[in-house]
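Enquirer: This is the structure I want to talk about, given as structure tokens.
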Amino acid sequence: MPRPVRCRRIERLPVYRSFSPDDAAAAEEVRMTVDEFETLRLLDDEGLTQEACAARMNIARTTVTAIYDSARKKVADVLVHGKRLLITGGCCEYEPVEINQAIMEKGSTCMRIAVTYENGEIFHHFGHSEQFKLYDAENGRITGEQVVNTDGSGHGALAGFLQAAKVDALICGGIGMGAQMALADAGIKLYAGVQGAADAAAKALAEGNLEYDPNARCDHHEHHDGDCGHDHCAEHHCWGN
């Protein structure tokens with residue numbers, strides 16, 4: 001029987017989740033896991049030794065070596081052969097983002113719902129959300145509510161913010177591919193393409209009858225932290241040593 005895989009500690013969720021060559025119309029896809037990305041970030045961007053990287057990721061140095069070699073081969077494949085790179089999945093545990101405000105206590109059996117929030121309505125674009133409204137739901141009804149500020153968190157940090165707030169599900173309007181991947185990696189279920197009053201949407205989800213669009217996407221295309229895209233969120237896989 002193979003020994004179980006130890007989850008790798010990730011300090012920072014990737015902000016940019018997809019890279020494509022401009023001069024390849026239909027590039028083949030290469031998938032890099034978040035822990036592979038983390039080794040590149042720690043070793044090549046921060047300049048850590050493999051021993052220090054292993055300590056930060058809570059894994060053995062030999063495992064760091066194997067992950068790093070795999071990541072570099074994928075980068076070479078992308079650059080040399082003009083392929084598309086997607087960063088998602090992996091067997092990871094995430095460092096929580098520090099929240100500088102008091103969050104209501106979450107019961108052990110309740111579901112915590114977050115809604116992108118502005119003046120009582122569902123804010124249309126996840127990545128630009130300045131506030132979330134949190135709802136705790138149990139036995140089909142809302143038992144607690146709180147509006148929280150995102151403290152200027154951008155696309156890449158919002159998933160970590162929600163994870164730190166112990167959110168189980170997100171209701172929003174438009175959302176890009178990168179943010180969908182980040183939410184999936186953080187274990188947060190997504191209900192996108194929803195409009196109207198935030199309270200009504202949260203109540204509908206608690207009751208099990210929320211209508212949403214699983215194919216909802218960000219509806220504008222200027223550059224904004226690599227968050228827009230048109231592909232479905234990838235499934236998770238655990239792998240490695």
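Residue numbers start at 1 in each chain; chains themselves are named A, B, ... in the order of the structure tokens; ligands are numbered from 1 in the order shown.
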Each residue of range 77-123 of chain A lying at most 12 Å from range 49-56 of chain A should get a row with its shortest atom-to-atom pair and the distance in Å to one decimal, counting only C-alpha atoms; could you produce that, ordered by chain and increasing number, as a Markdown table?
Expert:
| residue | atom | partner | partner_atom | distance |
| --- | --- | --- | --- | --- |
| A:Glu93 | CA | A:Arg56 | CA | 11.8 |
| A:Tyr94 | CA | A:Arg56 | CA | 11.5 |
| A:Glu95 | CA | A:Arg56 | CA | 10.5 |
Enquirer: For range 185-198 of chain A, please output as a count of residues only all residues within 6 Å (counting only C-alpha atoms; exclusion window: fewer than 6 positions along the same chain).
Expert: 14
Enquirer: What's the 9 Å shell around Leu85 in chain A, counting only C-alpha atoms, without same-chain residues fewer than 5 positions away, as a ChimeraX atom specification?
Expert: /A:17-20,28-32,74-75,78
Enquirer: Residues of range 27-106 of chain A in alpha helix (DSSP H) according to DSSP, as a PDB file with N, CA and C atoms, in the first residue's frame?
Expert:
ATOM      1  N   VAL A  34      -0.673  23.834  -7.573  1.00  0.00           N
ATOM      2  CA  VAL A  34      -0.341  24.993  -6.752  1.00  0.00           C
ATOM      3  C   VAL A  34       0.941  24.748  -5.948  1.00  0.00           C
ATOM      4  N   ASP A  35       1.174  23.508  -5.519  1.00  0.00           N
ATOM      5  CA  ASP A  35       2.413  23.238  -4.783  1.00  0.00           C
ATOM      6  C   ASP A  35       3.632  23.299  -5.690  1.00  0.00           C
ATOM      7  N   GLU A  36       3.493  22.952  -6.961  1.00  0.00           N
ATOM      8  CA  GLU A  36       4.590  23.150  -7.908  1.00  0.00           C
ATOM      9  C   GLU A  36       4.890  24.642  -8.056  1.00  0.00           C
ATOM     10  N   PHE A  37       3.834  25.430  -8.200  1.00  0.00           N
ATOM     11  CA  PHE A  37       4.013  26.882  -8.272  1.00  0.00           C
ATOM     12  C   PHE A  37       4.701  27.416  -7.025  1.00  0.00           C
ATOM     13  N   GLU A  38       4.322  26.905  -5.857  1.00  0.00           N
ATOM     14  CA  GLU A  38       4.888  27.400  -4.602  1.00  0.00           C
ATOM     15  C   GLU A  38       6.387  27.135  -4.517  1.00  0.00           C
ATOM     16  N   THR A  39       6.844  25.990  -5.029  1.00  0.00           N
ATOM     17  CA  THR A  39       8.287  25.744  -5.015  1.00  0.00           C
ATOM     18  C   THR A  39       9.016  26.730  -5.918  1.00  0.00           C
ATOM     19  N   LEU A  40       8.443  27.042  -7.072  1.00  0.00           N
ATOM     20  CA  LEU A  40       9.055  28.045  -7.948  1.00  0.00           C
ATOM     21  C   LEU A  40       9.100  29.409  -7.274  1.00  0.00           C
ATOM     22  N   GLN A  50      16.649  24.825  -0.684  1.00  0.00           N
ATOM     23  CA  GLN A  50      15.655  23.752  -0.660  1.00  0.00           C
ATOM     24  C   GLN A  50      15.299  23.354   0.769  1.00  0.00           C
ATOM     25  N   GLU A  51      16.253  23.440   1.676  1.00  0.00           N
ATOM     26  CA  GLU A  51      15.965  23.126   3.075  1.00  0.00           C
ATOM     27  C   GLU A  51      14.958  24.117   3.656  1.00  0.00           C
ATOM     28  N   ALA A  52      15.160  25.416   3.377  1.00  0.00           N
ATOM     29  CA  ALA A  52      14.241  26.434   3.883  1.00  0.00           C
ATOM     30  C   ALA A  52      12.870  26.301   3.236  1.00  0.00           C
ATOM     31  N   CYS A  53      12.850  25.989   1.945  1.00  0.00           N
ATOM     32  CA  CYS A  53      11.584  25.778   1.240  1.00  0.00           C
ATOM     33  C   CYS A  53      10.827  24.601   1.842  1.00  0.00           C
ATOM     34  N   ALA A  54      11.545  23.525   2.138  1.00  0.00           N
ATOM     35  CA  ALA A  54      10.918  22.343   2.727  1.00  0.00           C
ATOM     36  C   ALA A  54      10.288  22.679   4.071  1.00  0.00           C
ATOM     37  N   ALA A  55      10.990  23.492   4.873  1.00  0.00           N
ATOM     38  CA  ALA A  55      10.445  23.872   6.177  1.00  0.00           C
ATOM     39  C   ALA A  55       9.189  24.715   6.022  1.00  0.00           C
ATOM     40  N   ARG A  56       9.188  25.640   5.079  1.00  0.00           N
ATOM     41  CA  ARG A  56       8.021  26.509   4.860  1.00  0.00           C
ATOM     42  C   ARG A  56       6.820  25.705   4.361  1.00  0.00           C
ATOM     43  N   MET A  57       7.070  24.675   3.542  1.00  0.00           N
ATOM     44  CA  MET A  57       5.985  23.892   2.966  1.00  0.00           C
ATOM     45  C   MET A  57       5.635  22.661   3.812  1.00  0.00           C
ATOM     46  N   ARG A  61      12.898  17.641   2.179  1.00  0.00           N
ATOM     47  CA  ARG A  61      13.683  18.308   1.132  1.00  0.00           C
ATOM     48  C   ARG A  61      13.657  17.505  -0.161  1.00  0.00           C
ATOM     49  N   THR A  62      13.684  16.168  -0.066  1.00  0.00           N
ATOM     50  CA  THR A  62      13.638  15.347  -1.274  1.00  0.00           C
ATOM     51  C   THR A  62      12.320  15.539  -2.022  1.00  0.00           C
ATOM     52  N   THR A  63      11.238  15.785  -1.277  1.00  0.00           N
ATOM     53  CA  THR A  63       9.951  16.053  -1.925  1.00  0.00           C
ATOM     54  C   THR A  63       9.990  17.400  -2.636  1.00  0.00           C
ATOM     55  N   VAL A  64      10.601  18.400  -2.004  1.00  0.00           N
ATOM     56  CA  VAL A  64      10.765  19.694  -2.662  1.00  0.00           C
ATOM     57  C   VAL A  64      11.511  19.531  -3.981  1.00  0.00           C
ATOM     58  N   THR A  65      12.592  18.741  -3.956  1.00  0.00           N
ATOM     59  CA  THR A  65      13.376  18.522  -5.172  1.00  0.00           C
ATOM     60  C   THR A  65      12.521  17.922  -6.283  1.00  0.00           C
ATOM     61  N   ALA A  66      11.703  16.927  -5.939  1.00  0.00           N
ATOM     62  CA  ALA A  66      10.857  16.274  -6.946  1.00  0.00           C
ATOM     63  C   ALA A  66       9.797  17.223  -7.492  1.00  0.00           C
ATOM     64  N   ILE A  67       9.165  17.993  -6.603  1.00  0.00           N
ATOM     65  CA  ILE A  67       8.139  18.943  -7.046  1.00  0.00           C
ATOM     66  C   ILE A  67       8.751  20.025  -7.921  1.00  0.00           C
ATOM     67  N   TYR A  68       9.894  20.547  -7.500  1.00  0.00           N
ATOM     68  CA  TYR A  68      10.574  21.619  -8.230  1.00  0.00           C
ATOM     69  C   TYR A  68      10.997  21.154  -9.625  1.00  0.00           C
ATOM     70  N   ASP A  69      11.544  19.941  -9.715  1.00  0.00           N
ATOM     71  CA  ASP A  69      11.948  19.411 -11.022  1.00  0.00           C
ATOM     72  C   ASP A  69      10.745  19.289 -11.948  1.00  0.00           C
ATOM     73  N   SER A  70       9.623  18.823 -11.411  1.00  0.00           N
ATOM     74  CA  SER A  70       8.406  18.706 -12.219  1.00  0.00           C
ATOM     75  C   SER A  70       7.928  20.068 -12.692  1.00  0.00           C
ATOM     76  N   ALA A  71       7.961  21.055 -11.794  1.00  0.00           N
ATOM     77  CA  ALA A  71       7.512  22.401 -12.151  1.00  0.00           C
ATOM     78  C   ALA A  71       8.375  23.008 -13.242  1.00  0.00           C
ATOM     79  N   ARG A  72       9.687  22.860 -13.133  1.00  0.00           N
ATOM     80  CA  ARG A  72      10.590  23.448 -14.127  1.00  0.00           C
ATOM     81  C   ARG A  72      10.427  22.787 -15.493  1.00  0.00           C
ATOM     82  N   LYS A  73      10.187  21.476 -15.512  1.00  0.00           N
ATOM     83  CA  LYS A  73       9.954  20.794 -16.785  1.00  0.00           C
ATOM     84  C   LYS A  73       8.679  21.318 -17.449  1.00  0.00           C
ATOM     85  N   LYS A  74       7.662  21.590 -16.649  1.00  0.00           N
ATOM     86  CA  LYS A  74       6.425  22.122 -17.214  1.00  0.00           C
ATOM     87  C   LYS A  74       6.623  23.538 -17.764  1.00  0.00           C
ATOM     88  N   VAL A  75       7.374  24.361 -17.040  1.00  0.00           N
ATOM     89  CA  VAL A  75       7.661  25.709 -17.540  1.00  0.00           C
ATOM     90  C   VAL A  75       8.427  25.634 -18.852  1.00  0.00           C
ATOM     91  N   ALA A  76       9.417  24.744 -18.929  1.00  0.00           N
ATOM     92  CA  ALA A  76      10.180  24.587 -20.162  1.00  0.00           C
ATOM     93  C   ALA A  76       9.285  24.118 -21.309  1.00  0.00           C
ATOM     94  N   ASP A  77       8.400  23.187 -21.026  1.00  0.00           N
ATOM     95  CA  ASP A  77       7.471  22.686 -22.044  1.00  0.00           C
ATOM     96  C   ASP A  77       6.592  23.813 -22.580  1.00  0.00           C
ATOM     97  N   VAL A  78       6.099  24.658 -21.674  1.00  0.00           N
ATOM     98  CA  VAL A  78       5.253  25.783 -22.067  1.00  0.00           C
ATOM     99  C   VAL A  78       6.020  26.779 -22.929  1.00  0.00           C
ATOM    100  N   LEU A  79       7.222  27.138 -22.498  1.00  0.00           N
ATOM    101  CA  LEU A  79       7.995  28.162 -23.209  1.00  0.00           C
ATOM    102  C   LEU A  79       8.531  27.667 -24.549  1.00  0.00           C
ATOM    103  N   VAL A  80       9.025  26.443 -24.571  1.00  0.00           N
ATOM    104  CA  VAL A  80       9.651  25.934 -25.787  1.00  0.00           C
ATOM    105  C   VAL A  80       8.623  25.558 -26.843  1.00  0.00           C
ATOM    106  N   HIS A  81       7.501  24.996 -26.404  1.00  0.00           N
ATOM    107  CA  HIS A  81       6.532  24.453 -27.354  1.00  0.00           C
ATOM    108  C   HIS A  81       5.274  25.314 -27.491  1.00  0.00           C
TER     109      HIS A  81
END
Enquirer: Have a look at CA of Ile10 in chain A and CA of Ala159 in chain A and let me know their distance in Å, one decimal.
Expert: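 For CA of Ile10 in chain A relative to CA of Ala159 in chain A, the distance reads 13.1 Å.
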Enquirer: So how many Å separate CA of Leu183 in chain A and CA of Ala164 in chain A, to one decimal?
Expert: 12.1 Å
Enquirer: Pick from A:Arg12, A:Lys83, A:Lys133, A:Arg112: nearest to Ala182 in chain A, with only C-alpha atoms counted?
Expert: A:Arg12
Enquirer: To one decimal place in Å, what is the distance between CA of Glu98 in chain A and CA of Gly127 in chain A?
Expert: 18.3 Å
Enquirer: Identify, with DSSP run on backbone atoms, the residues in range 2-209 of chain A assigned to strand (DSSP E), and express the list as a VMD selection string.
Expert: chain A and resid 8 to 10 18 to 19 29 to 32 84 to 87 92 to 94 111 to 118 121 to 122 131 to 138 141 to 149 169 to 171 189 to 191
Enquirer: Can I get the selection written as an mmCIF file, in the first residue's frame, with C-alpha atoms?
Expert:
data_model
loop_
_atom_site.group_PDB
_atom_site.id
_atom_site.type_symbol
_atom_site.label_atom_id
_atom_site.label_comp_id
_atom_site.auth_asym_id
_atom_site.auth_seq_id
_atom_site.Cartn_x
_atom_site.Cartn_y
_atom_site.Cartn_z
ATOM 1 C CA ARG A 8 1.973 20.838 1.187
ATOM 2 C CA ARG A 9 1.612 24.122 3.073
ATOM 3 C CA ILE A 10 0.933 27.025 0.719
ATOM 4 C CA SER A 18 -3.271 31.058 -16.650
ATOM 5 C CA PHE A 19 -0.644 32.010 -19.208
ATOM 6 C CA GLU A 29 -2.617 22.905 -22.206
ATOM 7 C CA VAL A 30 -0.170 22.126 -19.413
ATOM 8 C CA ARG A 31 -1.436 21.963 -15.815
ATOM 9 C CA MET A 32 0.804 22.989 -12.933
ATOM 10 C CA ARG A 84 -0.891 27.221 -22.331
ATOM 11 C CA LEU A 85 -0.189 26.992 -18.589
ATOM 12 C CA LEU A 86 -2.936 26.578 -15.973
ATOM 13 C CA ILE A 87 -2.165 26.608 -12.240
ATOM 14 C CA CYS A 92 -2.276 21.490 -0.416
ATOM 15 C CA GLU A 93 -3.177 23.217 2.814
ATOM 16 C CA TYR A 94 -3.333 26.992 2.820
ATOM 17 C CA MET A 111 -22.903 26.479 6.636
ATOM 18 C CA ARG A 112 -21.296 29.886 6.168
ATOM 19 C CA ILE A 113 -22.346 31.693 2.991
ATOM 20 C CA ALA A 114 -20.547 34.758 1.630
ATOM 21 C CA VAL A 115 -22.152 37.116 -0.888
ATOM 22 C CA THR A 116 -20.345 39.830 -2.849
ATOM 23 C CA TYR A 117 -22.078 42.867 -1.411
ATOM 24 C CA GLU A 118 -22.881 46.487 -2.249
ATOM 25 C CA GLU A 121 -27.379 43.906 -3.616
ATOM 26 C CA ILE A 122 -25.106 41.207 -5.002
ATOM 27 C CA GLN A 131 -17.406 43.961 0.975
ATOM 28 C CA PHE A 132 -18.865 40.525 1.585
ATOM 29 C CA LYS A 133 -21.956 39.793 3.579
ATOM 30 C CA LEU A 134 -21.611 36.624 5.615
ATOM 31 C CA TYR A 135 -24.590 34.460 6.521
ATOM 32 C CA ASP A 136 -24.601 31.439 8.790
ATOM 33 C CA ALA A 137 -27.287 28.928 7.830
ATOM 34 C CA GLU A 138 -28.552 25.880 9.685
ATOM 35 C CA ARG A 141 -32.699 29.108 7.800
ATOM 36 C CA ILE A 142 -30.299 32.015 8.313
ATOM 37 C CA THR A 143 -29.047 32.193 11.901
ATOM 38 C CA GLY A 144 -26.465 34.980 11.690
ATOM 39 C CA GLU A 145 -25.436 37.882 9.429
ATOM 40 C CA GLN A 146 -22.421 40.185 9.177
ATOM 41 C CA VAL A 147 -20.996 42.613 6.609
ATOM 42 C CA VAL A 148 -17.185 42.497 6.378
ATOM 43 C CA ASN A 149 -14.708 44.646 4.462
ATOM 44 C CA ALA A 169 -20.042 28.795 -0.198
ATOM 45 C CA LEU A 170 -19.860 32.000 -2.248
ATOM 46 C CA ILE A 171 -22.692 33.708 -4.128
ATOM 47 C CA LYS A 189 -18.359 26.027 -3.371
ATOM 48 C CA LEU A 190 -19.279 28.623 -5.994
ATOM 49 C CA TYR A 191 -22.749 29.881 -6.962
#
Enquirer: Using only C-alpha atoms for the distances, tell me which of A:Ile99, A:Ala206, A:Leu158, A:Ala60 is nearest to Val15 in chain A.
Expert: A:Leu158
